[in-house]
Amino acid sequence: MKKVFWVTLVLFAASCVACTHTGGPSTPTAYSFTVDIPAGWRKIDRPYLLVTKDSPFLQNIMVQNRFIGRSFRYTKKKMRKEMLPEEAAQIIIDEYASDQNIGNLKVLDNTPAEINGHDGFKILLTYKGPKGNEFHTLYYGFIKANTFFNLRFTAGGRQYFQKDIETFKRVLNSFQVIKANKS
Amino acid sequence: MITRLSKFFFFLPCLLLLALSTGCSTPSEPVVSDTLLTNVDEQLLWQKAEEEQRVLESSDLIYQDEKLEVYLNNVVAKLQPQTAPADLSIRVKVIRNAYLNAFAYPNGTIYIHTGLLARMDNEAQLAAVLAHEITHCTRRHALRAFRHFKDRRSFLTSVQQALMANKGLQKLAQNLGFTGSLAAVSGYARELEAEADRVGTELMTRAGYNPKDALSLFDHMISEIEQEGFEEPFFFGSRVRVRERIDNLQNRPDDRYPRKRPAIRNSDLFLAKLDHLFLDNARLDIRLGRFQAARRGVEKFLRIEPDNTRAHFLLGESYRQQGQDSDIQKALKYYNRAITLDPKFAAPHKALGLIHYKKGQRALAKKFFESCLQLSPNTSDKAYIKGYLRQFTPSEEG
């Protein structure tokens with residue numbers, strides 16, 4: 001019985017490390033940006049910033065700075081610094097469309113957008129995941145120097161999307177670039 | 001109760017293990033009879049294959065082209081073995097997917113990807129792939145693999161959990177099902193694949209094709225996989241598996257069946273029957289960033305229709321999206337050709353607008369953006385175009 005207790009305790013401690021409850025501004029040294037993490041949302045341990053309120057499969061906000069020379073996972077295309085926002089948006093749509101794990105991809109919106117003073121794009125996508133569940137993703141992105149910054153809100157179904165879209169917009173409005181990789 | 005999903009998660013690791021177990025032993029050959037469905041396990045396998053095919057065919061993956069399907073099934077008819085069981089009806093369908101692959105369900109339905117078809121130059125190469133897949137069906141390779149797997153069930157179960165972590169193939173495997181994934185992703189044991197090569201080449205030769213015509217296709221696939229660094233999930237996208245096909249073909253003794261007539265290639269007929277598939281697949285290749293492969297497909301199509309607007313536009317797209325300075329000149333050439341061929345086609349106007357805008361040639365950019373909006377007022381990217389136009393000063397007008 002004691003053994004079970006200790007194993008449970010260790011597992012609980014490990015989960016606390018992996019899913020830290022946060023809220024407030026986030027300026028970790030690994031990122032080139034800062035955003036306000038909404039109260040009650042917790043951070044999932046990933047190389048990029050990923051936060052969720054209930055579970056990443058129900059809703060998550062992801063913020064990432066990405067070196068433009070890196071190929072994407074599914075399309076071999078790369079971003080270039082002279083790219084226009086709509087060219088960058090096309091690569092993101094192609095990346096989703098080339099993902100063998102998603103189906104029924106629909107691009108509901110693809111328009112220019114300003115992200116805290118940076119000219120970028122906004123895409124709204126719906127698709128079905130590997131288990132047939134519907135997802136909605138609102139994706140903002142822009143290129144600055146050699147970095148592609150992106151913020152996306154993904155929710156499992158329309159209900160979760162509507163519920164937390166305003167929270168995502170607050171995160172988006174709080175976004176600030178600290179530095180962009182120039183080399 | 002075992003749910004449908006948990007069955008899927010059980011079968012996926014199993015087929016991966018089957019692939020790993022190649023070379024351990026050869027699945028024994030079932031007793032050959034005039035009909036296939038005398039065994040209970042074979043009936044179950046067919047039933048499962050039919051269920052899985054219904055899922056696949058209700059997805060958006062099937063490429064609809066009746067004329068092409070008739071042609072592919074005519075090639076199958078030429079290859080049909082004389083001793084094929086009476087209840088096995090071989091038919092071919094096409095999957096809209098730029099990855100290189102073909103696979104067969106045990107009940108005789110062969111699926112071939114647009115990506116593999118677009119790499120081919122003639123009917124002999126098509127016959128080589130189809131004859132290989134026909135042999136999987138007539139020699140009941142799925143059943144032999146299935147029986148082989150059942151013997152190892154307890155071992156497979158113990159490692160099931162570890163392999164469930166393979167998320168990269170979940171959706172795909174769900175569409176293809178267990179029997180489809182087994183054939184499409186991992187292939188069968190090496191001995192069964194070698195048998196498919198050996199019997200397949202016999203079928204080809206009897207039908208009047210030269211099996212060695214397939215060598216140029218496989219060589220081309222290997223060099224494409226190596227040069228472009230493809231990481232494909234499928235059997236025919238695996239360098240090792242394609243190399244095995246080449247080795248088996250090269251080791252085959254020549255002219256076991258002396259030919260009275262020259263070998264059939266039907267290159268022109270083949271290109272004519274595939275026609276728009278080359279363009280549809282080129283769009284998928286461009287999406288994947290495989291610009292060279294896309295251009296090769298479009299160039300094949302241009303041999304049939306040299307003045308096709310869409311083909312010239314796609315060549316322009318492949319160069320513009322590749323994005324090197326020298327590519328932009330080529331892109332300009334193809335977009336202008338597309339406009340000459342069909343001045344009302346809006347897409348090349350938009351692309352030319354983008355190129356001139358990025359070069360700072362604002363008057364030209366404005367001209368093309370405006371003509372694009374005039375030709376296609378509700379184009380999906382009108383918000384971007386209107387944004388560019390708002391930036392132009394009055395002096396740039398006219």
# chains A, B, ... in the order shown; residues from 1 in each chain; ligands from 1
>>> residues_around(residues="Ala84 of chain B", least_positions_apart="4", cutoff="8 Å", atoms="only C-alpha atoms", output="ChimeraX atom specification")
/B:80,88,138
>>> residues_around(residues="Leu130 of chain B", least_positions_apart="4", cutoff="8 Å", atoms="only C-alpha atoms", output="list in words")
Val76, Ile110, Leu126 and Ile134 of chain B
>>> interface_residues(of="chain A", to="chain B", cutoff="6 Å", atoms="only C-alpha atoms", output="compact mmCIF listing (two decimals) with N, CA and C atoms, in the first residue's frame")
# COMPACT_ATOMS: atom_id res chain seq x y z
N THR A 75 4.75 20.10 -45.64
CA THR A 75 5.18 20.66 -46.91
C THR A 75 6.67 20.97 -46.79
N LYS A 76 7.36 20.85 -47.90
CA LYS A 76 8.80 21.13 -47.87
C LYS A 76 9.09 22.62 -48.01
N LYS A 77 8.03 23.41 -48.16
CA LYS A 77 8.23 24.85 -48.38
C LYS A 77 8.83 25.53 -47.15
N ASP A 94 -1.09 25.27 -46.98
CA ASP A 94 -0.54 24.07 -47.63
C ASP A 94 -0.05 23.06 -46.59
N ASN A 101 -2.94 13.47 -41.31
CA ASN A 101 -3.75 13.15 -40.14
C ASN A 101 -5.03 13.95 -40.02
N THR A 111 -7.24 36.51 -44.67
CA THR A 111 -7.23 37.97 -44.90
C THR A 111 -5.98 38.60 -44.27
N PRO A 112 -5.63 39.81 -44.73
CA PRO A 112 -4.51 40.49 -44.08
C PRO A 112 -4.89 40.86 -42.64
N PRO A 130 -7.64 13.07 -36.33
CA PRO A 130 -7.48 11.64 -36.60
C PRO A 130 -8.67 10.79 -36.15
>>> atom_distance(atom1="atom CA of Phe149 of chain A", atom2="atom CA of Gln391 of chain B")
24.1 Å
>>> select_by_dssp(residues="segment 29-105 of chain A", states="strand (DSSP E)", output="ChimeraX atom specification")
/A:33-37,42-44,49-52,59-67,103-105
>>> write_last_selection(atoms="C-alpha atoms", output="short mmCIF file (atom, residue, chain, number, x, y, z; two decimals), in the first residue's frame")
data_model
loop_
_atom_site.label_atom_id
_atom_site.label_comp_id
_atom_site.auth_asym_id
_atom_site.auth_seq_id
_atom_site.Cartn_x
_atom_site.Cartn_y
_atom_site.Cartn_z
CA PHE A 33 8.08 37.46 -27.49
CA THR A 34 5.95 38.17 -24.52
CA VAL A 35 2.20 37.53 -24.04
CA ASP A 36 -0.23 37.64 -21.15
CA ILE A 37 -1.35 34.13 -20.26
CA ARG A 42 -2.09 26.22 -17.59
CA LYS A 43 1.08 25.78 -19.54
CA ILE A 44 1.89 22.46 -21.22
CA LEU A 49 4.28 28.26 -25.67
CA LEU A 50 1.14 26.12 -25.34
CA VAL A 51 -1.59 26.89 -22.84
CA THR A 52 -4.99 25.36 -22.17
CA GLN A 59 -8.94 24.27 -26.44
CA ASN A 60 -5.38 25.54 -26.67
CA ILE A 61 -3.50 28.68 -27.52
CA MET A 62 -0.10 28.25 -29.10
CA VAL A 63 2.48 31.00 -29.63
CA GLN A 64 5.67 30.29 -31.48
CA ASN A 65 8.73 31.99 -32.93
CA ARG A 66 10.19 29.95 -35.74
CA PHE A 67 13.37 30.40 -37.79
CA GLY A 103 -9.33 15.63 -43.27
CA ASN A 104 -12.14 17.81 -44.64
CA LEU A 105 -10.00 20.94 -44.37
#
>>> residues_around(residues="Asp65 of chain B", least_positions_apart="6", cutoff="10 Å", atoms="only C-alpha atoms", output="PyMOL selection string")
chain B and resi 93-94+273-274+276-277
>>> atom_distance(atom1="atom CA of Val40 of chain B", atom2="atom CA of Glu57 of chain B")
25.7 Å
>>> residues_around(residues="His312 of chain B", least_positions_apart="5", cutoff="10 Å", atoms="only C-alpha atoms", output="PyMOL selection string")
chain B and resi 295+298-299+302+306-307+317-318+331+333-339+341+348
>>> write_last_selection(atoms="N, CA and C atoms", output="PDB file, in the first residue's frame")
ATOM      1  N   ARG B 295       6.656  20.065 -61.995  1.00  0.00           N
ATOM      2  CA  ARG B 295       6.950  20.496 -63.372  1.00  0.00           C
ATOM      3  C   ARG B 295       7.043  19.302 -64.321  1.00  0.00           C
ATOM      4  N   VAL B 298       3.544  18.370 -65.235  1.00  0.00           N
ATOM      5  CA  VAL B 298       2.908  19.333 -66.144  1.00  0.00           C
ATOM      6  C   VAL B 298       3.508  19.198 -67.545  1.00  0.00           C
ATOM      7  N   GLU B 299       4.818  18.984 -67.608  1.00  0.00           N
ATOM      8  CA  GLU B 299       5.450  18.860 -68.932  1.00  0.00           C
ATOM      9  C   GLU B 299       4.925  17.636 -69.689  1.00  0.00           C
ATOM     10  N   LEU B 302       1.707  18.739 -71.150  1.00  0.00           N
ATOM     11  CA  LEU B 302       1.866  19.667 -72.275  1.00  0.00           C
ATOM     12  C   LEU B 302       2.202  18.947 -73.581  1.00  0.00           C
ATOM     13  N   PRO B 306      -0.384  21.218 -75.697  1.00  0.00           N
ATOM     14  CA  PRO B 306       0.669  22.236 -75.509  1.00  0.00           C
ATOM     15  C   PRO B 306       0.131  23.629 -75.210  1.00  0.00           C
ATOM     16  N   ASP B 307      -1.138  23.886 -75.530  1.00  0.00           N
ATOM     17  CA  ASP B 307      -1.682  25.233 -75.324  1.00  0.00           C
ATOM     18  C   ASP B 307      -2.674  25.278 -74.173  1.00  0.00           C
ATOM     19  N   GLU B 317       3.399  28.953 -61.339  1.00  0.00           N
ATOM     20  CA  GLU B 317       3.284  28.811 -59.875  1.00  0.00           C
ATOM     21  C   GLU B 317       4.471  28.061 -59.286  1.00  0.00           C
ATOM     22  N   SER B 318       4.893  26.994 -59.975  1.00  0.00           N
ATOM     23  CA  SER B 318       6.000  26.185 -59.431  1.00  0.00           C
ATOM     24  C   SER B 318       7.275  27.021 -59.345  1.00  0.00           C
ATOM     25  N   ALA B 331       8.847  32.232 -64.212  1.00  0.00           N
ATOM     26  CA  ALA B 331       7.440  32.347 -63.803  1.00  0.00           C
ATOM     27  C   ALA B 331       6.737  33.397 -64.670  1.00  0.00           C
ATOM     28  N   LYS B 333       7.410  34.320 -67.657  1.00  0.00           N
ATOM     29  CA  LYS B 333       7.214  33.783 -69.002  1.00  0.00           C
ATOM     30  C   LYS B 333       5.937  32.906 -69.060  1.00  0.00           C
ATOM     31  N   TYR B 334       5.793  32.019 -68.072  1.00  0.00           N
ATOM     32  CA  TYR B 334       4.651  31.090 -68.107  1.00  0.00           C
ATOM     33  C   TYR B 334       3.326  31.798 -67.810  1.00  0.00           C
ATOM     34  N   TYR B 335       3.355  32.776 -66.891  1.00  0.00           N
ATOM     35  CA  TYR B 335       2.113  33.506 -66.602  1.00  0.00           C
ATOM     36  C   TYR B 335       1.663  34.300 -67.841  1.00  0.00           C
ATOM     37  N   ASN B 336       2.642  34.938 -68.505  1.00  0.00           N
ATOM     38  CA  ASN B 336       2.285  35.712 -69.698  1.00  0.00           C
ATOM     39  C   ASN B 336       1.719  34.806 -70.789  1.00  0.00           C
ATOM     40  N   ARG B 337       2.303  33.624 -70.912  1.00  0.00           N
ATOM     41  CA  ARG B 337       1.803  32.659 -71.901  1.00  0.00           C
ATOM     42  C   ARG B 337       0.357  32.244 -71.547  1.00  0.00           C
ATOM     43  N   ALA B 338       0.124  32.030 -70.262  1.00  0.00           N
ATOM     44  CA  ALA B 338      -1.228  31.635 -69.826  1.00  0.00           C
ATOM     45  C   ALA B 338      -2.234  32.733 -70.156  1.00  0.00           C
ATOM     46  N   ILE B 339      -1.823  33.996 -69.971  1.00  0.00           N
ATOM     47  CA  ILE B 339      -2.741  35.113 -70.267  1.00  0.00           C
ATOM     48  C   ILE B 339      -2.976  35.230 -71.779  1.00  0.00           C
ATOM     49  N   LEU B 341      -2.979  32.785 -73.842  1.00  0.00           N
ATOM     50  CA  LEU B 341      -3.862  31.682 -74.235  1.00  0.00           C
ATOM     51  C   LEU B 341      -5.303  31.924 -73.787  1.00  0.00           C
ATOM     52  N   PRO B 348      -3.425  34.051 -63.317  1.00  0.00           N
ATOM     53  CA  PRO B 348      -2.095  34.579 -63.676  1.00  0.00           C
ATOM     54  C   PRO B 348      -1.996  36.100 -63.564  1.00  0.00           C
TER      55      PRO B 348
END
>>> residues_around(residues="Phe218 of chain B", least_positions_apart="5", cutoff="8 Å", atoms="only C-alpha atoms", output="list in words")
Val242, Arg243, Arg245 and Ile246 of chain B
>>> residues_around(residues="His132 of chain B", least_positions_apart="4", cutoff="8 Å", atoms="only C-alpha atoms", output="ChimeraX atom specification")
/B:128,136,196-197,199-201
>>> select_by_dssp(residues="chain A", states="alpha helix (DSSP H)", output="ChimeraX atom specification")
/A:2-18,85-98,157-174
>>> decode(residues="segment 174-309 of chain B", atoms="C-alpha atoms", output="PDB file, in the first residue's frame")
ATOM      1  CA  GLN B 174      -8.206   4.841 -40.141  1.00  0.00           C
ATOM      2  CA  ASN B 175      -9.203   5.525 -43.741  1.00  0.00           C
ATOM      3  CA  LEU B 176      -7.400   2.474 -45.104  1.00  0.00           C
ATOM      4  CA  GLY B 177      -8.296   0.114 -42.272  1.00  0.00           C
ATOM      5  CA  PHE B 178      -6.217  -2.851 -41.135  1.00  0.00           C
ATOM      6  CA  THR B 179      -6.015  -4.742 -44.424  1.00  0.00           C
ATOM      7  CA  GLY B 180      -5.434  -1.582 -46.444  1.00  0.00           C
ATOM      8  CA  SER B 181      -2.737  -0.287 -44.105  1.00  0.00           C
ATOM      9  CA  LEU B 182      -0.994  -3.634 -44.084  1.00  0.00           C
ATOM     10  CA  ALA B 183      -0.741  -3.554 -47.872  1.00  0.00           C
ATOM     11  CA  ALA B 184      -0.194   0.183 -48.303  1.00  0.00           C
ATOM     12  CA  VAL B 185       2.168   1.110 -45.515  1.00  0.00           C
ATOM     13  CA  SER B 186       4.331  -1.802 -44.482  1.00  0.00           C
ATOM     14  CA  GLY B 187       3.919  -4.194 -47.403  1.00  0.00           C
ATOM     15  CA  TYR B 188       4.136  -7.940 -46.876  1.00  0.00           C
ATOM     16  CA  ALA B 189       7.046 -10.158 -45.828  1.00  0.00           C
ATOM     17  CA  ARG B 190      10.006  -9.905 -48.178  1.00  0.00           C
ATOM     18  CA  GLU B 191       9.355 -13.385 -49.603  1.00  0.00           C
ATOM     19  CA  LEU B 192       5.761 -12.477 -50.484  1.00  0.00           C
ATOM     20  CA  GLU B 193       6.864  -9.236 -52.123  1.00  0.00           C
ATOM     21  CA  ALA B 194       9.500 -11.178 -54.099  1.00  0.00           C
ATOM     22  CA  GLU B 195       6.793 -13.600 -55.193  1.00  0.00           C
ATOM     23  CA  ALA B 196       4.640 -10.648 -56.316  1.00  0.00           C
ATOM     24  CA  ASP B 197       7.614  -9.404 -58.371  1.00  0.00           C
ATOM     25  CA  ARG B 198       8.333 -12.825 -59.880  1.00  0.00           C
ATOM     26  CA  VAL B 199       4.746 -13.751 -60.764  1.00  0.00           C
ATOM     27  CA  GLY B 200       4.017 -10.148 -61.752  1.00  0.00           C
ATOM     28  CA  THR B 201       6.805 -10.124 -64.318  1.00  0.00           C
ATOM     29  CA  GLU B 202       5.457 -13.384 -65.741  1.00  0.00           C
ATOM     30  CA  LEU B 203       2.013 -11.808 -66.137  1.00  0.00           C
ATOM     31  CA  MET B 204       3.561  -8.780 -67.814  1.00  0.00           C
ATOM     32  CA  THR B 205       5.567 -10.866 -70.243  1.00  0.00           C
ATOM     33  CA  ARG B 206       2.574 -12.999 -71.202  1.00  0.00           C
ATOM     34  CA  ALA B 207       0.583  -9.827 -71.844  1.00  0.00           C
ATOM     35  CA  GLY B 208       3.291  -8.535 -74.185  1.00  0.00           C
ATOM     36  CA  TYR B 209       5.080  -6.027 -71.933  1.00  0.00           C
ATOM     37  CA  ASN B 210       8.781  -5.963 -71.115  1.00  0.00           C
ATOM     38  CA  PRO B 211       9.114  -6.081 -67.291  1.00  0.00           C
ATOM     39  CA  LYS B 212      12.413  -4.230 -67.508  1.00  0.00           C
ATOM     40  CA  ASP B 213      10.546  -1.126 -68.696  1.00  0.00           C
ATOM     41  CA  ALA B 214       9.634  -0.724 -65.042  1.00  0.00           C
ATOM     42  CA  LEU B 215      13.298  -0.220 -64.149  1.00  0.00           C
ATOM     43  CA  SER B 216      13.322   3.374 -65.382  1.00  0.00           C
ATOM     44  CA  LEU B 217      10.276   4.151 -63.213  1.00  0.00           C
ATOM     45  CA  PHE B 218      11.812   2.607 -60.101  1.00  0.00           C
ATOM     46  CA  ASP B 219      15.214   4.231 -60.772  1.00  0.00           C
ATOM     47  CA  HIS B 220      13.488   7.573 -61.174  1.00  0.00           C
ATOM     48  CA  MET B 221      11.552   7.051 -57.927  1.00  0.00           C
ATOM     49  CA  ILE B 222      14.751   6.217 -56.033  1.00  0.00           C
ATOM     50  CA  SER B 223      16.566   9.292 -57.318  1.00  0.00           C
ATOM     51  CA  GLU B 224      13.555  11.490 -56.511  1.00  0.00           C
ATOM     52  CA  ILE B 225      13.326  10.082 -52.989  1.00  0.00           C
ATOM     53  CA  GLU B 226      17.066  10.651 -52.488  1.00  0.00           C
ATOM     54  CA  GLN B 227      17.410  14.060 -54.160  1.00  0.00           C
ATOM     55  CA  GLU B 228      14.336  15.672 -52.713  1.00  0.00           C
ATOM     56  CA  GLY B 229      14.657  13.981 -49.322  1.00  0.00           C
ATOM     57  CA  PHE B 230      11.113  12.597 -49.309  1.00  0.00           C
ATOM     58  CA  GLU B 231       9.965  11.018 -46.086  1.00  0.00           C
ATOM     59  CA  GLU B 232       6.941   9.115 -47.245  1.00  0.00           C
ATOM     60  CA  PRO B 233       4.830   6.802 -45.145  1.00  0.00           C
ATOM     61  CA  PHE B 234       4.054   4.286 -47.910  1.00  0.00           C
ATOM     62  CA  PHE B 235       5.562   1.089 -49.335  1.00  0.00           C
ATOM     63  CA  PHE B 236       6.407   2.498 -52.795  1.00  0.00           C
ATOM     64  CA  GLY B 237       7.809   5.667 -51.209  1.00  0.00           C
ATOM     65  CA  SER B 238      10.367   3.646 -49.266  1.00  0.00           C
ATOM     66  CA  ARG B 239      13.823   3.682 -50.832  1.00  0.00           C
ATOM     67  CA  VAL B 240      14.586   0.224 -49.400  1.00  0.00           C
ATOM     68  CA  ARG B 241      11.385  -1.307 -50.771  1.00  0.00           C
ATOM     69  CA  VAL B 242      11.820   0.234 -54.231  1.00  0.00           C
ATOM     70  CA  ARG B 243      15.451  -0.949 -54.270  1.00  0.00           C
ATOM     71  CA  GLU B 244      14.173  -4.503 -53.606  1.00  0.00           C
ATOM     72  CA  ARG B 245      11.881  -4.197 -56.642  1.00  0.00           C
ATOM     73  CA  ILE B 246      14.834  -3.099 -58.783  1.00  0.00           C
ATOM     74  CA  ASP B 247      17.025  -5.953 -57.520  1.00  0.00           C
ATOM     75  CA  ASN B 248      14.319  -8.523 -58.193  1.00  0.00           C
ATOM     76  CA  LEU B 249      13.802  -7.195 -61.718  1.00  0.00           C
ATOM     77  CA  GLN B 250      17.510  -7.075 -62.475  1.00  0.00           C
ATOM     78  CA  ASN B 251      18.048 -10.613 -61.190  1.00  0.00           C
ATOM     79  CA  ARG B 252      15.292 -11.970 -63.386  1.00  0.00           C
ATOM     80  CA  PRO B 253      16.530 -14.119 -66.278  1.00  0.00           C
ATOM     81  CA  ASP B 254      15.885 -12.384 -69.609  1.00  0.00           C
ATOM     82  CA  ASP B 255      13.393 -13.579 -72.191  1.00  0.00           C
ATOM     83  CA  ARG B 256      11.872 -16.537 -70.436  1.00  0.00           C
ATOM     84  CA  TYR B 257       9.017 -16.016 -72.833  1.00  0.00           C
ATOM     85  CA  PRO B 258      10.460 -15.278 -76.306  1.00  0.00           C
ATOM     86  CA  ARG B 259       8.613 -12.387 -77.907  1.00  0.00           C
ATOM     87  CA  LYS B 260       7.168 -12.496 -81.407  1.00  0.00           C
ATOM     88  CA  ARG B 261       6.295  -8.792 -81.456  1.00  0.00           C
ATOM     89  CA  PRO B 262       7.969  -5.695 -79.976  1.00  0.00           C
ATOM     90  CA  ALA B 263       7.036  -5.150 -76.334  1.00  0.00           C
ATOM     91  CA  ILE B 264       3.975  -2.997 -75.659  1.00  0.00           C
ATOM     92  CA  ARG B 265       4.599   0.486 -74.259  1.00  0.00           C
ATOM     93  CA  ASN B 266       1.622   2.533 -75.488  1.00  0.00           C
ATOM     94  CA  SER B 267       3.277   5.746 -74.278  1.00  0.00           C
ATOM     95  CA  ASP B 268       0.990   8.113 -76.214  1.00  0.00           C
ATOM     96  CA  LEU B 269      -2.163   6.262 -75.208  1.00  0.00           C
ATOM     97  CA  PHE B 270      -1.029   6.222 -71.580  1.00  0.00           C
ATOM     98  CA  LEU B 271      -0.388   9.996 -71.524  1.00  0.00           C
ATOM     99  CA  ALA B 272      -3.698  10.702 -73.265  1.00  0.00           C
ATOM    100  CA  LYS B 273      -5.683   8.600 -70.773  1.00  0.00           C
ATOM    101  CA  LEU B 274      -4.066  10.185 -67.728  1.00  0.00           C
ATOM    102  CA  ASP B 275      -4.150  13.766 -69.107  1.00  0.00           C
ATOM    103  CA  HIS B 276      -5.743  15.961 -66.379  1.00  0.00           C
ATOM    104  CA  LEU B 277      -4.424  13.691 -63.629  1.00  0.00           C
ATOM    105  CA  PHE B 278      -0.964  15.114 -64.350  1.00  0.00           C
ATOM    106  CA  LEU B 279      -2.224  18.622 -63.613  1.00  0.00           C
ATOM    107  CA  ASP B 280      -4.267  17.637 -60.571  1.00  0.00           C
ATOM    108  CA  ASN B 281      -1.296  15.834 -59.086  1.00  0.00           C
ATOM    109  CA  ALA B 282       1.048  18.728 -59.962  1.00  0.00           C
ATOM    110  CA  ARG B 283      -1.119  20.961 -57.781  1.00  0.00           C
ATOM    111  CA  LEU B 284      -0.656  18.486 -54.915  1.00  0.00           C
ATOM    112  CA  ASP B 285       3.109  18.384 -55.554  1.00  0.00           C
ATOM    113  CA  ILE B 286       3.283  22.203 -55.511  1.00  0.00           C
ATOM    114  CA  ARG B 287       1.405  22.185 -52.217  1.00  0.00           C
ATOM    115  CA  LEU B 288       4.011  19.771 -50.823  1.00  0.00           C
ATOM    116  CA  GLY B 289       6.828  21.988 -52.117  1.00  0.00           C
ATOM    117  CA  ARG B 290       7.943  19.371 -54.667  1.00  0.00           C
ATOM    118  CA  PHE B 291       8.379  21.871 -57.445  1.00  0.00           C
ATOM    119  CA  GLN B 292      10.530  19.769 -59.784  1.00  0.00           C
ATOM    120  CA  ALA B 293       8.181  16.799 -59.560  1.00  0.00           C
ATOM    121  CA  ALA B 294       5.244  19.122 -60.271  1.00  0.00           C
ATOM    122  CA  ARG B 295       6.950  20.496 -63.372  1.00  0.00           C
ATOM    123  CA  ARG B 296       7.736  17.013 -64.688  1.00  0.00           C
ATOM    124  CA  GLY B 297       4.039  16.131 -64.421  1.00  0.00           C
ATOM    125  CA  VAL B 298       2.908  19.333 -66.144  1.00  0.00           C
ATOM    126  CA  GLU B 299       5.450  18.860 -68.932  1.00  0.00           C
ATOM    127  CA  LYS B 300       4.011  15.399 -69.642  1.00  0.00           C
ATOM    128  CA  PHE B 301       0.572  16.965 -69.914  1.00  0.00           C
ATOM    129  CA  LEU B 302       1.866  19.667 -72.275  1.00  0.00           C
ATOM    130  CA  ARG B 303       2.925  16.929 -74.700  1.00  0.00           C
ATOM    131  CA  ILE B 304      -0.795  16.198 -75.098  1.00  0.00           C
ATOM    132  CA  GLU B 305      -2.153  19.751 -74.856  1.00  0.00           C
ATOM    133  CA  PRO B 306       0.669  22.236 -75.509  1.00  0.00           C
ATOM    134  CA  ASP B 307      -1.682  25.233 -75.324  1.00  0.00           C
ATOM    135  CA  ASN B 308      -3.403  24.472 -72.042  1.00  0.00           C
ATOM    136  CA  THR B 309      -3.756  27.652 -69.950  1.00  0.00           C
TER     137      THR B 309
END
